[in-house]
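Q: So I've got this file, model-v5.txt, and it contains compact mmCIF, C-alpha atoms:
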# COMPACT_ATOMS: atom_id res chain seq x y z
CA MET A 1 4.36 10.25 -3.63
CA THR A 2 2.94 7.32 -1.68
CA PHE A 3 1.05 6.41 1.49
CA SER A 4 1.11 3.02 3.17
CA VAL A 5 0.35 1.08 6.33
CA VAL A 6 2.29 -1.91 7.73
CA ALA A 7 0.95 -3.98 10.61
CA ARG A 8 0.97 -7.28 12.50
CA ASP A 9 -2.12 -9.12 13.69
CA PRO A 10 -1.38 -10.27 17.26
CA ALA A 11 -4.15 -12.87 17.11
CA THR A 12 -2.82 -14.72 14.05
CA GLY A 13 0.74 -13.47 13.76
CA ASP A 14 0.07 -12.46 10.15
CA LEU A 15 1.98 -9.49 8.73
CA GLY A 16 0.76 -7.11 6.06
CA ILE A 17 1.06 -3.91 4.08
CA ALA A 18 -1.39 -1.83 2.07
CA VAL A 19 -0.19 0.98 -0.16
CA SER A 20 -1.47 3.47 -2.72
CA SER A 21 0.22 6.02 -4.95
CA CYS A 22 -0.05 8.09 -8.09
CA ILE A 23 2.45 5.92 -9.93
CA LEU A 24 1.93 2.93 -12.19
CA ALA A 25 1.95 -0.45 -10.39
CA VAL A 26 2.93 0.63 -6.87
CA GLY A 27 2.60 -3.02 -5.83
CA ARG A 28 5.77 -3.74 -7.77
CA ALA A 29 7.74 -0.86 -6.25
CA VAL A 30 6.93 -0.39 -2.55
CA PRO A 31 5.74 -3.47 -0.62
CA ARG A 32 8.05 -6.35 0.25
CA ALA A 33 7.21 -9.23 2.59
CA ARG A 34 8.63 -12.60 3.56
CA PRO A 35 6.60 -15.16 5.56
CA GLY A 36 8.06 -15.75 8.99
CA VAL A 37 10.37 -12.75 8.60
CA GLY A 38 8.61 -9.42 8.20
CA VAL A 39 7.25 -6.65 6.00
CA VAL A 40 8.99 -3.64 4.49
CA ALA A 41 7.77 -0.47 2.80
CA VAL A 42 10.36 1.26 0.59
CA GLN A 43 9.04 4.64 -0.57
CA ALA A 44 9.89 8.03 -2.03
CA ARG A 45 13.27 7.82 -3.83
CA SER A 46 14.55 4.79 -1.92
CA PRO A 47 16.53 2.29 -4.02
CA ARG A 48 14.18 -0.56 -4.94
CA GLY A 49 16.73 -3.19 -3.99
CA LEU A 50 16.70 -1.89 -0.44
CA GLY A 51 13.58 -3.89 0.41
CA GLY A 52 15.35 -7.22 -0.13
CA VAL A 53 18.34 -6.06 1.90
CA LEU A 54 16.11 -5.09 4.81
CA LEU A 55 14.24 -8.40 4.74
CA THR A 56 17.53 -10.28 4.74
CA GLY A 57 18.59 -8.26 7.78
CA LEU A 58 15.37 -9.20 9.57
CA ALA A 59 15.88 -12.86 8.70
CA GLU A 60 19.35 -12.66 10.25
CA GLY A 61 17.87 -11.33 13.48
CA THR A 62 18.74 -7.64 13.19
CA ALA A 63 16.23 -5.35 14.91
CA PRO A 64 14.10 -3.06 12.70
CA ALA A 65 15.45 0.06 14.44
CA VAL A 66 19.02 -0.95 13.61
CA LEU A 67 18.16 -1.70 9.98
CA VAL A 68 16.36 1.61 9.57
CA ARG A 69 19.20 3.54 11.17
CA ARG A 70 21.77 1.90 8.89
CA ALA A 71 19.71 2.60 5.78
CA ALA A 72 19.08 6.20 6.78
CA HIS A 73 22.76 6.87 7.48
CA ALA A 74 23.84 5.23 4.23
CA ALA A 75 21.49 7.33 2.12
CA GLU A 76 23.12 9.30 -0.67
CA ASP A 77 20.05 11.49 -0.93
CA ALA A 78 17.62 12.70 1.70
CA ASP A 79 14.39 11.78 -0.08
CA ARG A 80 14.03 8.14 0.91
CA GLN A 81 11.31 6.84 3.23
CA LEU A 82 10.99 3.35 4.69
CA ALA A 83 9.29 1.25 7.34
CA VAL A 84 10.35 -2.14 8.69
CA LEU A 85 8.13 -4.55 10.64
CA SER A 86 9.42 -7.80 12.15
CA ARG A 87 7.51 -11.05 12.67
CA THR A 88 7.23 -10.22 16.40
CA GLY A 89 5.68 -6.81 15.80
CA GLU A 90 8.77 -4.64 16.31
CA ILE A 91 8.54 -1.65 13.99
CA ALA A 92 10.73 1.25 12.94
CA ALA A 93 10.46 3.90 10.25
CA ASP A 94 12.38 6.82 8.82
CA THR A 95 11.41 9.77 6.68
CA GLY A 96 14.36 11.56 5.12
CA PRO A 97 14.69 15.29 5.81
CA GLY A 98 14.40 16.01 2.11
CA ALA A 99 11.31 13.88 1.52
CA PHE A 100 8.58 15.63 -0.40
CA PRO A 101 6.17 17.70 1.72
CA VAL A 102 3.76 16.83 3.28
CA SER A 103 5.72 13.77 4.52
CA GLY A 104 6.11 11.76 7.71
CA HIS A 105 5.30 8.60 9.62
CA LEU A 106 3.43 7.56 12.76
CA LEU A 107 4.01 4.39 14.77
CA GLY A 108 1.70 2.45 17.05
CA ASP A 109 1.67 -0.96 18.69
CA GLY A 110 2.65 -3.27 15.83
CA VAL A 111 1.51 -0.77 13.20
CA GLY A 112 3.05 2.07 11.24
CA VAL A 113 1.70 4.52 8.67
CA GLN A 114 3.93 6.55 6.39
CA GLY A 115 3.55 8.84 3.42
CA ASN A 116 5.11 11.55 1.31
CA MET A 117 3.76 14.20 -1.05
CA LEU A 118 0.49 13.95 0.87
CA ALA A 119 -2.50 16.17 0.25
CA SER A 120 -2.77 17.18 3.92
CA ASP A 121 -1.45 16.64 7.45
CA GLU A 122 -4.63 14.66 8.18
CA VAL A 123 -3.76 11.66 6.03
CA LEU A 124 -1.50 9.78 8.43
CA PRO A 125 -3.51 10.37 11.63
CA ALA A 126 -6.66 9.26 9.81
CA MET A 127 -4.95 6.07 8.68
CA LEU A 128 -3.62 5.20 12.13
CA ALA A 129 -6.97 5.87 13.77
CA ALA A 130 -8.80 3.73 11.21
CA PHE A 131 -6.47 0.80 11.76
CA THR A 132 -6.30 0.93 15.55
CA GLY A 133 -10.05 1.48 15.83
CA GLY A 134 -10.95 -1.14 13.25
CA THR A 135 -12.15 -4.71 13.66
CA GLY A 136 -12.01 -7.82 11.55
CA ALA A 137 -9.19 -9.61 9.78
CA LEU A 138 -5.84 -7.93 9.14
CA PRO A 139 -6.42 -7.41 5.37
CA ASP A 140 -9.67 -5.58 6.08
CA ARG A 141 -8.13 -3.35 8.74
CA LEU A 142 -5.26 -2.50 6.39
CA LEU A 143 -7.79 -1.59 3.70
CA ALA A 144 -9.75 0.50 6.19
CA ALA A 145 -6.57 2.47 6.94
CA LEU A 146 -5.80 2.92 3.25
CA THR A 147 -9.36 4.09 2.61
CA ALA A 148 -9.15 6.59 5.46
CA GLY A 149 -5.92 7.94 4.01
CA GLN A 150 -7.50 8.34 0.59
CA ASP A 151 -10.58 10.01 2.08
CA ALA A 152 -8.28 12.49 3.86
CA GLY A 153 -6.67 13.44 0.56
CA GLY A 154 -4.14 10.72 -0.11
CA ASP A 155 -1.45 11.43 -2.69
CA LEU A 156 -1.30 15.13 -3.62
CA ARG A 157 -0.89 14.28 -7.31
CA GLY A 158 -3.94 12.02 -7.58
CA ARG A 159 -4.70 8.32 -7.77
CA GLN A 160 -3.37 5.50 -9.91
CA SER A 161 -2.46 2.24 -8.18
CA ALA A 162 -2.78 0.30 -4.93
CA ALA A 163 -1.73 -3.04 -3.45
CA LEU A 164 -2.45 -5.31 -0.49
CA LEU A 165 0.03 -7.97 0.65
CA VAL A 166 -0.41 -10.18 3.74
CA VAL A 167 1.84 -13.09 4.73
CA SER A 168 2.03 -15.55 7.58
CA GLY A 169 4.17 -14.89 10.61
CA GLU A 170 5.50 -18.42 10.20
CA PRO A 171 8.04 -19.46 7.53
CA GLU A 172 6.74 -20.95 4.30
CA THR A 173 6.72 -24.72 3.88
CA GLU A 174 6.31 -27.12 0.98
CA GLU A 175 2.57 -27.24 1.70
CA ASP A 176 2.06 -23.53 2.42
CA ASP A 177 3.85 -20.62 0.75
CA GLY A 178 2.70 -18.34 3.57
CA VAL A 179 1.02 -15.78 1.31
CA ARG A 180 -2.45 -14.97 2.61
CA VAL A 181 -3.40 -12.06 0.33
CA ASP A 182 -1.61 -10.62 -2.71
CA LEU A 183 -3.82 -8.20 -4.63
CA ARG A 184 -2.81 -5.33 -6.91
CA VAL A 185 -4.51 -2.59 -8.88
CA ASP A 186 -1.90 -1.28 -11.30
CA ASP A 187 -3.80 1.50 -13.09
CA SER A 188 -7.20 2.83 -12.03
CA ALA A 189 -9.03 6.09 -11.49
CA ASP A 190 -9.95 4.86 -7.99
CA PRO A 191 -7.43 2.17 -7.05
CA VAL A 192 -8.29 1.93 -3.36
CA ALA A 193 -11.96 1.29 -4.11
CA GLN A 194 -10.95 -1.24 -6.76
CA LEU A 195 -8.68 -2.96 -4.26
CA ARG A 196 -11.59 -3.27 -1.81
CA MET A 197 -13.67 -4.89 -4.57
CA LEU A 198 -10.90 -7.41 -5.24
CA ARG A 199 -10.67 -8.20 -1.54
CA ASN A 200 -14.44 -8.81 -1.41
CA LEU A 201 -14.20 -11.07 -4.45
CA GLN A 202 -11.32 -13.00 -2.90
CA ARG A 203 -13.35 -13.47 0.27
CA ALA A 204 -16.28 -14.76 -1.78
CA TYR A 205 -14.05 -17.41 -3.37
CA ALA A 206 -12.56 -18.39 -0.01
CA GLU A 207 -15.94 -18.62 1.73
CA ARG A 208 -17.73 -20.21 -1.25
CA ASP A 209 -20.18 -17.34 -1.40
CA TYR A 210 -21.80 -18.59 -4.59
CA ASP A 211 -24.46 -15.88 -4.69
CA THR A 212 -21.79 -13.18 -4.86
CA LEU A 213 -19.73 -15.13 -7.39
CA ALA A 214 -22.81 -15.61 -9.57
CA VAL A 215 -22.77 -11.84 -10.04
CA PHE A 216 -19.08 -10.89 -10.00
CA ALA A 217 -17.17 -13.94 -11.30
CA PRO A 218 -15.98 -13.86 -14.92
CA GLU A 219 -18.63 -14.35 -17.58
CA GLY A 220 -19.16 -18.04 -18.22
CA ALA A 221 -18.16 -19.08 -14.72
CA ARG A 222 -21.11 -17.09 -13.39
CA ASP A 223 -23.50 -19.80 -14.57
CA LEU A 224 -21.55 -22.38 -12.60
CA TYR A 225 -21.80 -20.34 -9.42
CA ALA A 226 -25.46 -19.58 -10.10
CA ALA A 227 -26.08 -23.34 -10.26
CA LEU A 228 -24.19 -23.92 -7.03
CA ALA A 229 -26.05 -21.06 -5.31
CA ALA A 230 -29.39 -22.44 -6.48
CA SER A 231 -28.41 -25.92 -5.30
CA ARG A 232 -27.55 -24.58 -1.86
CA ARG A 233 -31.01 -22.95 -1.69
CA GLY A 234 -32.73 -26.13 -2.95
CA ASP A 235 -33.88 -24.22 -6.03
CA ARG A 236 -34.28 -26.99 -8.62
CA ALA A 237 -35.49 -24.70 -11.41
CA GLY A 238 -32.71 -22.19 -10.86
CA ALA A 239 -30.04 -24.90 -10.87
CA ARG A 240 -31.44 -26.42 -14.05
CA THR A 241 -31.52 -23.06 -15.83
CA ALA A 242 -27.95 -22.27 -14.87
CA LEU A 243 -26.63 -25.69 -15.92
CA GLU A 244 -28.47 -25.54 -19.23
CA ALA A 245 -26.85 -22.16 -19.86
CA MET A 246 -23.45 -23.69 -19.14
CA ARG A 247 -24.05 -26.57 -21.57
CA THR A 248 -24.65 -24.11 -24.40
CA ARG A 249 -21.13 -22.72 -24.04
CA PRO A 250 -18.33 -24.30 -26.08
CA ASP A 251 -16.41 -26.99 -24.15
CA TRP A 252 -18.34 -26.45 -20.90
CA ALA A 253 -20.38 -29.64 -21.44
CA ALA A 254 -17.15 -31.65 -21.57
CA TRP A 255 -15.92 -29.89 -18.44
CA LEU A 256 -19.14 -30.76 -16.60
CA THR A 257 -18.67 -34.41 -17.53
CA ALA A 258 -15.08 -34.34 -16.29
CA MET A 259 -16.22 -32.78 -13.00
CA ALA A 260 -18.94 -35.36 -12.38
CA GLY A 261 -17.21 -36.55 -9.22
CA ASP A 262 -17.01 -33.10 -7.64
CA GLN A 263 -19.19 -33.10 -4.51
CA ARG A 264 -20.51 -29.61 -5.17
CA LEU A 265 -21.68 -30.46 -8.68
CA ALA A 266 -22.99 -33.82 -7.48
CA GLY A 267 -25.34 -31.87 -5.23
CA VAL A 268 -26.61 -29.93 -8.22
CA SER A 269 -27.08 -33.14 -10.22
CA ARG A 270 -29.10 -34.70 -7.43
CA LEU A 271 -31.48 -31.78 -7.56
CA LEU A 272 -32.06 -32.43 -11.25
CA ASP A 273 -32.65 -36.19 -10.96
Represent the structure contained in this file as structure tokens.
A:
Amino acid sequence: MTFSVVARDPATGDLGIAVSSCILAVGRAVPRARPGVGVVAVQARSPRGLGGVLLTGLAEGTAPAVLVRRAAHAAEDADRQLAVLSRTGEIAADTGPGAFPVSGHLLGDGVGVQGNMLASDEVLPAMLAAFTGGTGALPDRLLAALTAGQDAGGDLRGRQSAALLVVSGEPETEEDDGVRVDLRVDDSADPVAQLRMLRNLQRAYAERDYDTLAVFAPEGARDLYAALAASRRGDRAGARTALEAMRTRPDWAAWLTAMAGDQRLAGVSRLLD
């Protein structure tokens, strides 16, 4: 009913999972992660509380292979599927003998792909190849694998939801909760594509890509980003037009006054002096 990829980035130590399924809000059901501990995928008819149990086992130092073996042997039914990835990149997975066809998993170096009720035998190999052959940051490689799985057929029943979760390989602290990416599409006709759009939007916020935000940010905020983009280009007229549009919106004029000390807006103001 679901296909997913779990992986570790050896360059950063980050850990992540991307998943898609024809169920509502798969991001609530399948992926579990704990910074500095590991990532778990709990699929098919696995008990939802199993994810927390597996993460606790990882935190206590139990190897993924041992955790998977225990969970598989304790299963009351044969339809569960799971994958466990530790902070060091150790990985193990199990697909129950009664899991819905087509089902299975493939493991690589610090990466695993798994799925059940798949549209074809090509889904998992396509996902593994896309991840191992991909470049860029871990979230983008996870999304590339998920996209490849969808392009190969994905879930036999169709499409509904998807999620992307990436955490640090180091434990959370008071200053850093360790969550790098946490994006979900709960109900969509094309959830994987929608998830990619959310990832691009997140990157635009992180990188202060004001030109992109001027188009895709929520209405109202777009004028702010248009002003910042124009300021960056030295476009006095464009910045003035965008700020004037902001001042016509209820309460935005007061917000602009309150943000007078913000360095980014100060740059816009200097253009208008």
Q: Please provide as an NGL selection string all residues within 7 Å of Val6 in chain A, with the sequence filter that same-chain residues fewer than 6 positions apart are discarded (counting only C-alpha atoms).
A: :A and (16-18 or 111-113)
Q: Wanna dump the range 192-272 of chain A-range 132-143 of chain A contacts at 9 Å for me, each residue with its shortest atom pair and the distance in Å to one decimal, counting all atoms listed in the file, ordered by chain and number, as JSON lines?
A:
{"residue": "A:Val192", "atom": "CA", "partner": "A:Leu143", "partner_atom": "CA", "distance": 7.9}
{"residue": "A:Leu195", "atom": "CA", "partner": "A:Leu143", "partner_atom": "CA", "distance": 8.1}
{"residue": "A:Arg196", "atom": "CA", "partner": "A:Leu143", "partner_atom": "CA", "distance": 6.9}
{"residue": "A:Arg199", "atom": "CA", "partner": "A:Asp140", "partner_atom": "CA", "distance": 8.1}
Q: Leaving out Leu165 in chain A and any residue of its chain fewer than 3 positions from it, which residues lie within 12 Å of it when counting all atoms listed in the file, given as an MDAnalysis selection string?
A: chainID A and resid 4:8 14:19 26:28 30:35 38:41 138:140 142:143 162 168 178:185 195 199
Q: If you count only C-alpha atoms, which residues fall within 8 Å of His105 in chain A, apart from same-chain ones fewer than 3 positions away, as JSON, numbers by chain?
A: {"A": [93, 94, 95, 112, 113, 114, 115, 124]}
Q: Which residues, written as JSON, numbers by chain, have at least one atom at most 6 Å from range 228-231 of chain A, with all atoms listed in the file counted and residues fewer than 4 positions away on the same chain left out?
A: {"A": [210, 211, 235, 238, 239, 268]}
Q: Restrict the selected residues to C-alpha atoms and save them as a JSON list (two decimals), in the coordinates of the input.
A:
[["chain", "number", "residue", "atom", "x", "y", "z"],
["A", 210, "TYR", "CA", -21.80, -18.59, -4.59],
["A", 211, "ASP", "CA", -24.46, -15.88, -4.69],
["A", 235, "ASP", "CA", -33.88, -24.22, -6.03],
["A", 238, "GLY", "CA", -32.71, -22.19, -10.86],
["A", 239, "ALA", "CA", -30.04, -24.90, -10.87],
["A", 268, "VAL", "CA", -26.61, -29.93, -8.22]]
Q: With distances taken over all atoms listed in the file, which residue among A:Val53, A:Ala152, A:Ala44, A:Met246 lies nearest Pro97 in chain A?
A: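 Using all atoms listed in the file, Pro97 in chain A sits closest to A:Ala44.
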Q: Env of Ala99 in chain A: 10 Å cut, atoms = only C-alpha atoms, seq-sep filter 5 positions within chain, self excluded. Answer as an mmCIF file with C-alpha atoms, in the coordinates of the input.
A:
data_model
loop_
_atom_site.group_PDB
_atom_site.id
_atom_site.type_symbol
_atom_site.label_atom_id
_atom_site.label_comp_id
_atom_site.auth_asym_id
_atom_site.auth_seq_id
_atom_site.Cartn_x
_atom_site.Cartn_y
_atom_site.Cartn_z
ATOM 1 C CA MET A 1 4.360 10.250 -3.630
ATOM 2 C CA GLN A 43 9.040 4.640 -0.570
ATOM 3 C CA ALA A 44 9.890 8.030 -2.030
ATOM 4 C CA ARG A 45 13.270 7.820 -3.830
ATOM 5 C CA ASP A 77 20.050 11.490 -0.930
ATOM 6 C CA ALA A 78 17.620 12.700 1.700
ATOM 7 C CA ASP A 79 14.390 11.780 -0.080
ATOM 8 C CA ARG A 80 14.030 8.140 0.910
ATOM 9 C CA GLN A 81 11.310 6.840 3.230
ATOM 10 C CA GLY A 104 6.110 11.760 7.710
ATOM 11 C CA GLY A 115 3.550 8.840 3.420
ATOM 12 C CA ASN A 116 5.110 11.550 1.310
ATOM 13 C CA MET A 117 3.760 14.200 -1.050
#
Q: Identify which of the residues A:Phe100, A:Arg159, A:Tyr205, A:Leu256 lies closest to Ala227 in chain A, counting only C-alpha atoms when measuring atom-to-atom distances.
A: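 Result for the nearest residue to Ala227 in chain A: A:Leu256.
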Q: One decimal, Å: what's the distance from CA of Ala65 in chain A over to CA of Ala92 in chain A, could you say?
A: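 According to the coordinates, CA of Ala65 in chain A and CA of Ala92 in chain A are separated by 5.1 Å.
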Q: As a CSV table (one decimal), in the coordinates of the input, could you write out range 197-224 of chain A once it has been completed with N, CA and C atoms?
A:
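As a result, part-v8.csv now contains:
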chain,number,residue,atom,x,y,z
A,197,MET,N,-12.8,-4.0,-3.8
A,197,MET,CA,-13.7,-4.9,-4.6
A,197,MET,C,-13.0,-6.2,-4.8
A,198,LEU,N,-11.7,-6.2,-5.1
A,198,LEU,CA,-10.9,-7.4,-5.2
A,198,LEU,C,-10.8,-8.2,-3.9
A,199,ARG,N,-10.7,-7.5,-2.8
A,199,ARG,CA,-10.7,-8.2,-1.5
A,199,ARG,C,-12.0,-8.9,-1.3
A,200,ASN,N,-13.1,-8.2,-1.6
A,200,ASN,CA,-14.4,-8.8,-1.4
A,200,ASN,C,-14.6,-10.0,-2.3
A,201,LEU,N,-14.1,-9.9,-3.5
A,201,LEU,CA,-14.2,-11.1,-4.4
A,201,LEU,C,-13.4,-12.2,-4.0
A,202,GLN,N,-12.2,-11.9,-3.4
A,202,GLN,CA,-11.3,-13.0,-2.9
A,202,GLN,C,-12.0,-13.7,-1.7
A,203,ARG,N,-12.7,-12.9,-0.9
A,203,ARG,CA,-13.4,-13.5,0.3
A,203,ARG,C,-14.5,-14.4,-0.2
A,204,ALA,N,-15.2,-14.0,-1.3
A,204,ALA,CA,-16.3,-14.8,-1.8
A,204,ALA,C,-15.8,-16.1,-2.3
A,205,TYR,N,-14.6,-16.1,-2.9
A,205,TYR,CA,-14.0,-17.4,-3.4
A,205,TYR,C,-13.7,-18.3,-2.2
A,206,ALA,N,-13.0,-17.7,-1.2
A,206,ALA,CA,-12.6,-18.4,0.0
A,206,ALA,C,-13.7,-19.0,0.8
A,207,GLU,N,-14.8,-18.2,0.9
A,207,GLU,CA,-15.9,-18.6,1.7
A,207,GLU,C,-17.0,-19.3,0.9
A,208,ARG,N,-16.8,-19.6,-0.4
A,208,ARG,CA,-17.7,-20.2,-1.2
A,208,ARG,C,-19.1,-19.5,-1.2
A,209,ASP,N,-19.0,-18.2,-1.3
A,209,ASP,CA,-20.2,-17.3,-1.4
A,209,ASP,C,-20.7,-17.3,-2.8
A,210,TYR,N,-21.4,-18.4,-3.2
A,210,TYR,CA,-21.8,-18.6,-4.6
A,210,TYR,C,-22.7,-17.5,-5.1
A,211,ASP,N,-23.6,-16.9,-4.2
A,211,ASP,CA,-24.5,-15.9,-4.7
A,211,ASP,C,-23.7,-14.7,-5.2
A,212,THR,N,-22.6,-14.3,-4.4
A,212,THR,CA,-21.8,-13.2,-4.9
A,212,THR,C,-21.0,-13.5,-6.1
A,213,LEU,N,-20.5,-14.7,-6.2
A,213,LEU,CA,-19.7,-15.1,-7.4
A,213,LEU,C,-20.6,-15.2,-8.6
A,214,ALA,N,-21.9,-15.5,-8.4
A,214,ALA,CA,-22.8,-15.6,-9.6
A,214,ALA,C,-23.0,-14.3,-10.2
A,215,VAL,N,-22.7,-13.2,-9.5
A,215,VAL,CA,-22.8,-11.8,-10.0
A,215,VAL,C,-21.4,-11.3,-10.5
A,216,PHE,N,-20.4,-11.6,-9.8
A,216,PHE,CA,-19.1,-10.9,-10.0
A,216,PHE,C,-18.0,-11.8,-10.6
A,217,ALA,N,-18.2,-13.1,-10.7
A,217,ALA,CA,-17.2,-13.9,-11.3
A,217,ALA,C,-17.1,-13.7,-12.8
A,218,PRO,N,-16.1,-14.1,-13.5
A,218,PRO,CA,-16.0,-13.9,-14.9
A,218,PRO,C,-17.2,-14.5,-15.7
A,219,GLU,N,-17.5,-13.8,-16.8
A,219,GLU,CA,-18.6,-14.4,-17.6
A,219,GLU,C,-18.3,-15.8,-18.0
A,220,GLY,N,-19.3,-16.6,-17.9
A,220,GLY,CA,-19.2,-18.0,-18.2
A,220,GLY,C,-19.1,-18.8,-16.9
A,221,ALA,N,-18.2,-18.4,-16.0
A,221,ALA,CA,-18.2,-19.1,-14.7
A,221,ALA,C,-19.4,-18.7,-13.9
A,222,ARG,N,-20.0,-17.5,-14.2
A,222,ARG,CA,-21.1,-17.1,-13.4
A,222,ARG,C,-22.2,-18.1,-13.4
A,223,ASP,N,-22.4,-18.8,-14.5
A,223,ASP,CA,-23.5,-19.8,-14.6
A,223,ASP,C,-23.2,-21.0,-13.6
A,224,LEU,N,-21.9,-21.3,-13.5
A,224,LEU,CA,-21.6,-22.4,-12.6
A,224,LEU,C,-21.9,-22.0,-11.2
